[in-house]
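Comments concern the structure below.
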Amino acid sequence: MNQFWGVDADPTAQGRIKGAKPVAVLDIGSNSVRLVVYERHARALTPLYNEKSACALGRGVGRTGRLADANVAQALDAIKRFALVARMMRVGKVWVLATSAVRDAANRQEFVDAVEALMDSKVQVLSGEEEAHYAALGAVAGIPGFAGTVGDLGGGSLELSGITEGSDTSGESFEIGVIRLQDDSNGSPVRAAAIVRERLAKSSLGKTEKGASFAAIGGTWRSLAKMHQIARHYPLHMVQHYVVPADDMIQFCQQIVGAGSLKSYDGAEHVSSSRRELVPFGAAVMAEVLKAGHFADVVFSALGVREGYLYGLLDSREQAIDPLIQGAEELSVLRSRSPAHASDLVEFGGQFLDATRTPETAIQARLRTVACLLADIGWRAHPDYRGPQSVDAVAYSSLSGVDHPGRSFLAQVIAVRYDGLKSKAAAPLAGLGSAEMTARARLIGALFRVAYPMTAAMPGILPRIRFEAADSALTLVLPGDLAFLDGEHLRGRLEQLAGVAGFKSSTVRVE
C-alpha cells in the first residue's frame with residue numbers, strides 16, 4: 001500500500017484491485033438500455049463491463065402516451081441478460097435508473113414491476129429535475145472544476161443544469177430528445193431545429209452569461225463529437241473532455257441538419273447503426289442550444305447520469321479526492337513492478353526541480369505526479385514496443401479528470417521514458433499542448449531515464465540520491481555505498497538530462 005489513496009492489488013483476482021466489490025448501474029433510457037459494471041464504488045470509476053441494447057423505448061411515447069409492447073419485450077430480454085451478467089460478475093449492488101420514456105408512459109408501473117422482478121432491485125424513475133441534477137454531477141465527476149451549463153440529451157428529453165463551484169443550480173427538462181424530435185418532426189432535421197427553438201424559448205439559456213462553457217452529455221452527442229474529430233483531423237479520438245469552439249460546432253451541426261442524413265459525412269461509419277439516423281436530430285439540438293446560450297465553447301463529457309448518481313452517493317471527503325491521481329494509482333498498482341517506487345520518483349523529481357531552480361505550477365506538479373505513477377506500466381511488453389503501447393495506454397485510458405493537453409503531456413513523458421528523446425511515439429499528440437509543456441515533458445521523461453537504471457523500478461534507492469546545480473553543470477550525487485552505480489550508461493543518460501535542462505555539462509560525484 002502506498003501514500004496516495006490506499007489502493008492495493010488483489011492477488012486472487014486477475015487485474016483487479018484488492019478488496020474491490022463491483023457495483024453496477026442499469027440505465028433505462030429512451031433510446032437504449034445500458035448496463036455498466038464498475039470495479040468498485042470510488043471517486044475514479046473503472047468500467048469492467050459496458051454494454052447497451054438499442055430498444056428505443058421512447059419511440060411513439062409522445063404520440064401514444066405508452067411504451068410500445070414490442071419495445072418493452074426487447075428491453076426486458078436485454079435486462080434478463082444484464083441480470084445474469086451482474087450475477088456472474090458478483091456485483092454487490094445494482095442501481096436501476098429510468099428516465100424520460102418510462103416516467104412519461106401511462107404503462108410505466110407494469111414495466112417497472114417487470115424490471116424489478118428481473119433485477120431484484122428497486123427501479124428509480126428519475127424526474128426531469130433529478131436527471132438534470134445527476135447529469136450535472138456526472139460532468140463534475142469527470143471534469144473537476146467545470147463551471148457553466150450542462151446538457152444531457154437522451155432519446156426523450158434534454159436536461160439542462162448550471163454548475164457553479166462544483167454544485168448544480170436549478171435544472172430544467174425539455175421534450176426535445178432525439179427520438180421524440182424525430183417523431184414530432186416527421187423525420188425532418190430542419191423541422192426539428194424549429195421545434196427546438198420553440199421549446200427552448202422559455203428556457204434559462206437566454207440568461208446565460210455570454211462566453212460560458214457548455215458541457216454536452218449523451219450518446220448521440222458523443223457520436224457527433226467523434227464525427228467532428230474525424231472531419232477536423234483531430235489526432236486524439238477520445239470524446240471525454242474534447243473541447244470545440246461553439247462557432248465551429250454550430251457550423252458543423254447546421255451542415256448535418258441541412259443535409260438531412262449522414263451518408264455524405266466522413267466518420268459516419270464510426271457511428272453505431274442504432275444512432276446513425278438520430279445524429280442529425282442531435283445536431284439540431286446542439287446548434288440551437290449553443291446559439292441560445294451564446295456559449296464560447298462546448299466540452300464533451302463521457303460521464304453522465306450513471307457516474308453522477310454514484311458520485312452523489314460518496315461522502316464529501318471521497319468527492320474531494322482527485323480522480324486522476326486515484327485512477328493513475330490504480331494503474332500503477334495493477335501494472336507497475338513496484339508502486340512504491342512511484343512515491344520515490346515523485347520526491348526525486350521534486351528535488352531535481354528545486355536543485356535546478358525550475359519553477360513548477362500546481363497543475364504541472366499534479367501531472368508530474370501522475371506521470372510518476374504511470375512511468376512503469378509498460379514493463380511487461382517487448383522492449384521494442386513498450387513506448388508505443390504505453391503511449392496508447394495513457395492517451396486512450398479511462399482516466400478522468402484530465403483534459404486533452406494533459407493526456408498529450410503524459411503521453412510525451414512516457415514516450416521519452418521508454419524510447420528516449422528521439423521517440424516519435426507521441427508526436428501526433430504534441431500539438432494538443434503548448435510548446436512549454438512539450439519541453440517539460442521531455443525534461444521529466446529524461447529524468448525518468450536517469451532514475452530507472454539506478455533502481456530497477458524498486459523503492460529505497462532514489463531517496464538517497466540528489467542533484468546539485470552550479471556553474472552551468474548538473475551533478476548527480478551518490479552515497480559511497482552506491483558508488484558502483486556510476487558508469488558509462490548512467491553518465492550518458494545524465495548528459496542527456498543536463499542538455500534538456502539547459503546545462504553545459506554533467507558529472508557524477510560520490511560522497
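Quick note on naming: the chains in the C-alpha cells go A, B, ... in the order shown, residues restart at 1 in each chain, and ligands are numbered from 1 in order of appearance.
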
Closest pair table for stretch 361-414 of chain A residues within 10 Å of stretch 134-148 of chain A, only C-alpha atoms, as a tab-separated table:
residue	atom	partner	partner_atom	distance
A:Leu399	CA	A:Gly142	CA	8.8
A:Ser400	CA	A:Gly142	CA	5.2
A:Gly401	CA	A:Ile143	CA	5.1
A:Val402	CA	A:Ile143	CA	7.3
A:Asp403	CA	A:Ile143	CA	8.1

With stretch 173-182 of chain A as the partner and 12 Å as the cut-off, tabulate the residues of stretch 282-317 of chain A that qualify, each row holding the nearest pair of atoms and their distance in Å to one decimal, using only C-alpha atoms, sorted by chain and rising number, as CSV.
residue,atom,partner,partner_atom,distance
A:Gly282,CA,A:Val178,CA,5.9
A:Ala283,CA,A:Val178,CA,9.4
A:Ala284,CA,A:Val178,CA,9.2
A:Val285,CA,A:Ile176,CA,7.6
A:Met286,CA,A:Val178,CA,10.9
A:Glu288,CA,A:Ile176,CA,11.2
A:Val289,CA,A:Ile176,CA,11.1

Residues of stretch 5-89 of chain A that have any atom at most 12 Å from an atom of stretch 267-272 of chain A: could you tabulate them with the shortest-distance atom pair and the distance in Å to one decimal, using only C-alpha atoms, ordered by chain and increasing number, as a tab-separated table?
residue	atom	partner	partner_atom	distance
A:Lys52	CA	A:Ser272	CA	11.3
A:Ser53	CA	A:Ser272	CA	11.5
A:Ala54	CA	A:Ser272	CA	10.0

Only all heavy atoms, please: the residues just picked out, written as a PDB file, in the first residue's frame.
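Final output, saved to again-v3.pdb:
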ATOM      1  N   LYS A  52     -24.818  -1.945 -24.165  1.00  0.00           N
ATOM      2  CA  LYS A  52     -26.155  -1.383 -24.323  1.00  0.00           C
ATOM      3  C   LYS A  52     -26.960  -2.231 -25.298  1.00  0.00           C
ATOM      4  O   LYS A  52     -26.414  -2.980 -26.115  1.00  0.00           O
ATOM      5  CB  LYS A  52     -26.086   0.051 -24.843  1.00  0.00           C
ATOM      6  CG  LYS A  52     -25.658   0.149 -26.304  1.00  0.00           C
ATOM      7  CD  LYS A  52     -25.825   1.551 -26.849  1.00  0.00           C
ATOM      8  CE  LYS A  52     -25.463   1.578 -28.347  1.00  0.00           C
ATOM      9  NZ  LYS A  52     -25.676   2.886 -28.957  1.00  0.00           N
ATOM     10  N   SER A  53     -28.272  -2.074 -25.197  1.00  0.00           N
ATOM     11  CA  SER A  53     -29.190  -2.658 -26.164  1.00  0.00           C
ATOM     12  C   SER A  53     -30.103  -1.536 -26.641  1.00  0.00           C
ATOM     13  O   SER A  53     -30.760  -0.869 -25.827  1.00  0.00           O
ATOM     14  CB  SER A  53     -30.023  -3.771 -25.525  1.00  0.00           C
ATOM     15  OG  SER A  53     -30.965  -4.291 -26.443  1.00  0.00           O
ATOM     16  N   ALA A  54     -30.121  -1.307 -27.954  1.00  0.00           N
ATOM     17  CA  ALA A  54     -30.920  -0.207 -28.512  1.00  0.00           C
ATOM     18  C   ALA A  54     -32.380  -0.660 -28.611  1.00  0.00           C
ATOM     19  O   ALA A  54     -32.793  -1.272 -29.590  1.00  0.00           O
ATOM     20  CB  ALA A  54     -30.386   0.196 -29.878  1.00  0.00           C
TER      21      ALA A  54
END

Enumerate as an MDAnalysis selection string all residues of stretch 61-296 of chain A assigned to strand (DSSP E) by DSSP on the backbone, naming them with the chain letters and numbers the document uses.
-> chainID A and resid 93:98 123:125 148:153 158:164 167:174 213:217 242:245

Please produce a file of the residues just selected, as an mmCIF file, in the first residue's frame, where the atoms kept are N, CA and C atoms.
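So result08.cif came out as:
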data_model
loop_
_atom_site.group_PDB
_atom_site.id
_atom_site.type_symbol
_atom_site.label_atom_id
_atom_site.label_comp_id
_atom_site.auth_asym_id
_atom_site.auth_seq_id
_atom_site.Cartn_x
_atom_site.Cartn_y
_atom_site.Cartn_z
ATOM 1 N N LYS A 93 -23.925 -4.396 -5.649
ATOM 2 C CA LYS A 93 -25.093 -3.525 -5.644
ATOM 3 C C LYS A 93 -25.374 -3.057 -7.063
ATOM 4 N N VAL A 94 -26.643 -3.134 -7.465
ATOM 5 C CA VAL A 94 -27.065 -2.632 -8.771
ATOM 6 C C VAL A 94 -28.095 -1.530 -8.533
ATOM 7 N N TRP A 95 -27.812 -0.368 -9.077
ATOM 8 C CA TRP A 95 -28.793 0.719 -9.054
ATOM 9 C C TRP A 95 -29.474 0.763 -10.416
ATOM 10 N N VAL A 96 -30.791 0.797 -10.412
ATOM 11 C CA VAL A 96 -31.557 0.810 -11.656
ATOM 12 C C VAL A 96 -32.213 2.177 -11.802
ATOM 13 N N LEU A 97 -31.845 2.883 -12.869
ATOM 14 C CA LEU A 97 -32.355 4.237 -13.118
ATOM 15 C C LEU A 97 -33.149 4.250 -14.410
ATOM 16 N N ALA A 98 -34.317 4.865 -14.370
ATOM 17 C CA ALA A 98 -35.134 5.017 -15.573
ATOM 18 C C ALA A 98 -35.395 6.495 -15.799
ATOM 19 N N VAL A 123 -36.438 0.084 -8.979
ATOM 20 C CA VAL A 123 -36.235 0.996 -10.103
ATOM 21 C C VAL A 123 -36.518 2.417 -9.629
ATOM 22 N N GLN A 124 -35.564 3.298 -9.853
ATOM 23 C CA GLN A 124 -35.762 4.711 -9.528
ATOM 24 C C GLN A 124 -36.103 5.451 -10.816
ATOM 25 N N VAL A 125 -37.347 5.888 -10.929
ATOM 26 C CA VAL A 125 -37.774 6.659 -12.093
ATOM 27 C C VAL A 125 -37.451 8.118 -11.797
ATOM 28 N N GLY A 148 -20.256 26.237 -15.774
ATOM 29 C CA GLY A 148 -21.017 26.551 -16.978
ATOM 30 C C GLY A 148 -22.345 25.834 -16.958
ATOM 31 N N THR A 149 -22.820 25.453 -18.116
ATOM 32 C CA THR A 149 -24.102 24.765 -18.252
ATOM 33 C C THR A 149 -23.879 23.355 -18.754
ATOM 34 N N VAL A 150 -24.589 22.409 -18.167
ATOM 35 C CA VAL A 150 -24.524 21.008 -18.583
ATOM 36 C C VAL A 150 -25.819 20.646 -19.290
ATOM 37 N N GLY A 151 -25.702 19.965 -20.420
ATOM 38 C CA GLY A 151 -26.870 19.470 -21.138
ATOM 39 C C GLY A 151 -26.750 17.982 -21.373
ATOM 40 N N ASP A 152 -27.792 17.238 -20.997
ATOM 41 C CA ASP A 152 -27.815 15.788 -21.185
ATOM 42 C C ASP A 152 -28.923 15.467 -22.177
ATOM 43 N N LEU A 153 -28.535 15.042 -23.380
ATOM 44 C CA LEU A 153 -29.505 14.758 -24.430
ATOM 45 C C LEU A 153 -29.767 13.264 -24.503
ATOM 46 N N LEU A 158 -34.212 16.574 -23.093
ATOM 47 C CA LEU A 158 -32.953 17.283 -22.857
ATOM 48 C C LEU A 158 -33.029 17.882 -21.468
ATOM 49 N N GLU A 159 -32.021 17.611 -20.651
ATOM 50 C CA GLU A 159 -31.944 18.194 -19.312
ATOM 51 C C GLU A 159 -30.821 19.227 -19.292
ATOM 52 N N LEU A 160 -31.097 20.374 -18.710
ATOM 53 C CA LEU A 160 -30.114 21.448 -18.591
ATOM 54 C C LEU A 160 -29.928 21.803 -17.123
ATOM 55 N N SER A 161 -28.682 22.078 -16.753
ATOM 56 C CA SER A 161 -28.399 22.494 -15.383
ATOM 57 C C SER A 161 -27.145 23.339 -15.370
ATOM 58 N N GLY A 162 -27.131 24.346 -14.513
ATOM 59 C CA GLY A 162 -25.953 25.194 -14.370
ATOM 60 C C GLY A 162 -25.029 24.659 -13.293
ATOM 61 N N ILE A 163 -23.728 24.851 -13.467
ATOM 62 C CA ILE A 163 -22.728 24.404 -12.493
ATOM 63 C C ILE A 163 -21.909 25.604 -12.041
ATOM 64 N N THR A 164 -21.860 25.807 -10.727
ATOM 65 C CA THR A 164 -21.037 26.853 -10.135
ATOM 66 C C THR A 164 -20.356 26.283 -8.908
ATOM 67 N N SER A 167 -21.254 22.711 -7.729
ATOM 68 C CA SER A 167 -22.638 22.381 -7.393
ATOM 69 C C SER A 167 -23.552 22.847 -8.506
ATOM 70 N N ASP A 168 -24.629 22.096 -8.714
ATOM 71 C CA ASP A 168 -25.563 22.470 -9.771
ATOM 72 C C ASP A 168 -26.678 23.340 -9.224
ATOM 73 N N THR A 169 -27.161 24.232 -10.079
ATOM 74 C CA THR A 169 -28.297 25.083 -9.748
ATOM 75 C C THR A 169 -29.563 24.408 -10.260
ATOM 76 N N SER A 170 -30.649 25.126 -10.316
ATOM 77 C CA SER A 170 -31.927 24.533 -10.705
ATOM 78 C C SER A 170 -31.845 23.906 -12.094
ATOM 79 N N GLY A 171 -32.449 22.725 -12.232
ATOM 80 C CA GLY A 171 -32.427 22.007 -13.500
ATOM 81 C C GLY A 171 -33.701 22.220 -14.291
ATOM 82 N N GLU A 172 -33.599 22.022 -15.590
ATOM 83 C CA GLU A 172 -34.742 22.134 -16.485
ATOM 84 C C GLU A 172 -34.789 20.914 -17.389
ATOM 85 N N SER A 173 -35.988 20.529 -17.781
ATOM 86 C CA SER A 173 -36.164 19.393 -18.679
ATOM 87 C C SER A 173 -37.069 19.791 -19.827
ATOM 88 N N PHE A 174 -36.685 19.398 -21.045
ATOM 89 C CA PHE A 174 -37.439 19.763 -22.241
ATOM 90 C C PHE A 174 -37.683 18.520 -23.096
ATOM 91 N N SER A 213 -19.061 28.098 -20.881
ATOM 92 C CA SER A 213 -18.847 26.786 -21.490
ATOM 93 C C SER A 213 -20.096 25.930 -21.362
ATOM 94 N N PHE A 214 -20.294 25.072 -22.345
ATOM 95 C CA PHE A 214 -21.417 24.140 -22.337
ATOM 96 C C PHE A 214 -20.862 22.729 -22.337
ATOM 97 N N ALA A 215 -21.261 21.901 -21.370
ATOM 98 C CA ALA A 215 -20.829 20.504 -21.293
ATOM 99 C C ALA A 215 -21.920 19.624 -21.884
ATOM 100 N N ALA A 216 -21.571 18.826 -22.873
ATOM 101 C CA ALA A 216 -22.536 18.003 -23.607
ATOM 102 C C ALA A 216 -22.412 16.543 -23.201
ATOM 103 N N ILE A 217 -23.544 15.963 -22.793
ATOM 104 C CA ILE A 217 -23.598 14.581 -22.349
ATOM 105 C C ILE A 217 -24.647 13.845 -23.183
ATOM 106 N N TYR A 242 -13.251 16.599 -24.759
ATOM 107 C CA TYR A 242 -12.972 17.163 -26.079
ATOM 108 C C TYR A 242 -13.630 18.534 -26.162
ATOM 109 N N VAL A 243 -12.852 19.571 -26.441
ATOM 110 C CA VAL A 243 -13.341 20.947 -26.433
ATOM 111 C C VAL A 243 -13.352 21.506 -27.856
ATOM 112 N N VAL A 244 -14.472 22.112 -28.233
ATOM 113 C CA VAL A 244 -14.632 22.680 -29.573
ATOM 114 C C VAL A 244 -15.204 24.098 -29.438
ATOM 115 N N PRO A 245 -14.664 25.089 -30.175
ATOM 116 C CA PRO A 245 -15.285 26.418 -30.167
ATOM 117 C C PRO A 245 -16.731 26.327 -30.616
#

With the cut-off set at 8 Å and counting only C-alpha atoms, tabulate each residue of stretch 396-502 of chain A with an atom at most that distance from an atom of stretch 375-389 of chain A, showing the nearest atom pair and its distance in Å to one decimal, ordered by chain and increasing number, as a tab-separated table.
residue	atom	partner	partner_atom	distance
A:Ile414	CA	A:Ala375	CA	6.2
A:Ala415	CA	A:Gly387	CA	5.1
A:Val416	CA	A:Gly387	CA	7.8
A:Arg417	CA	A:Ala375	CA	7.3
A:Tyr418	CA	A:Gly387	CA	5.1
A:Asp419	CA	A:Gly387	CA	5.8
A:Ala425	CA	A:Pro388	CA	5.3
A:Ala426	CA	A:Pro388	CA	7.7
A:Phe448	CA	A:Ala375	CA	7.8
A:Ala457	CA	A:Asp376	CA	7.5

Test item: residues at most 9 Å from A:Ala371, only C-alpha atoms, excluding those fewer than 4 positions along its chain, as a list in words |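 Final neighbour list, sorted by chain and number: Ala328, Ala342, Val346, Arg366, Leu367, Ala375, Phe409, Leu410, Ala411, Val413, Ile414, Ile444 and Gly445 of chain A.
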
Rank nothing, just name the residue among A:Leu374, A:Ala469, A:Ala498, A:Ala430 nearest to A:Ser390, using only C-alpha atoms.
->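 That would be A:Leu374, the residue with the smallest distance to A:Ser390.
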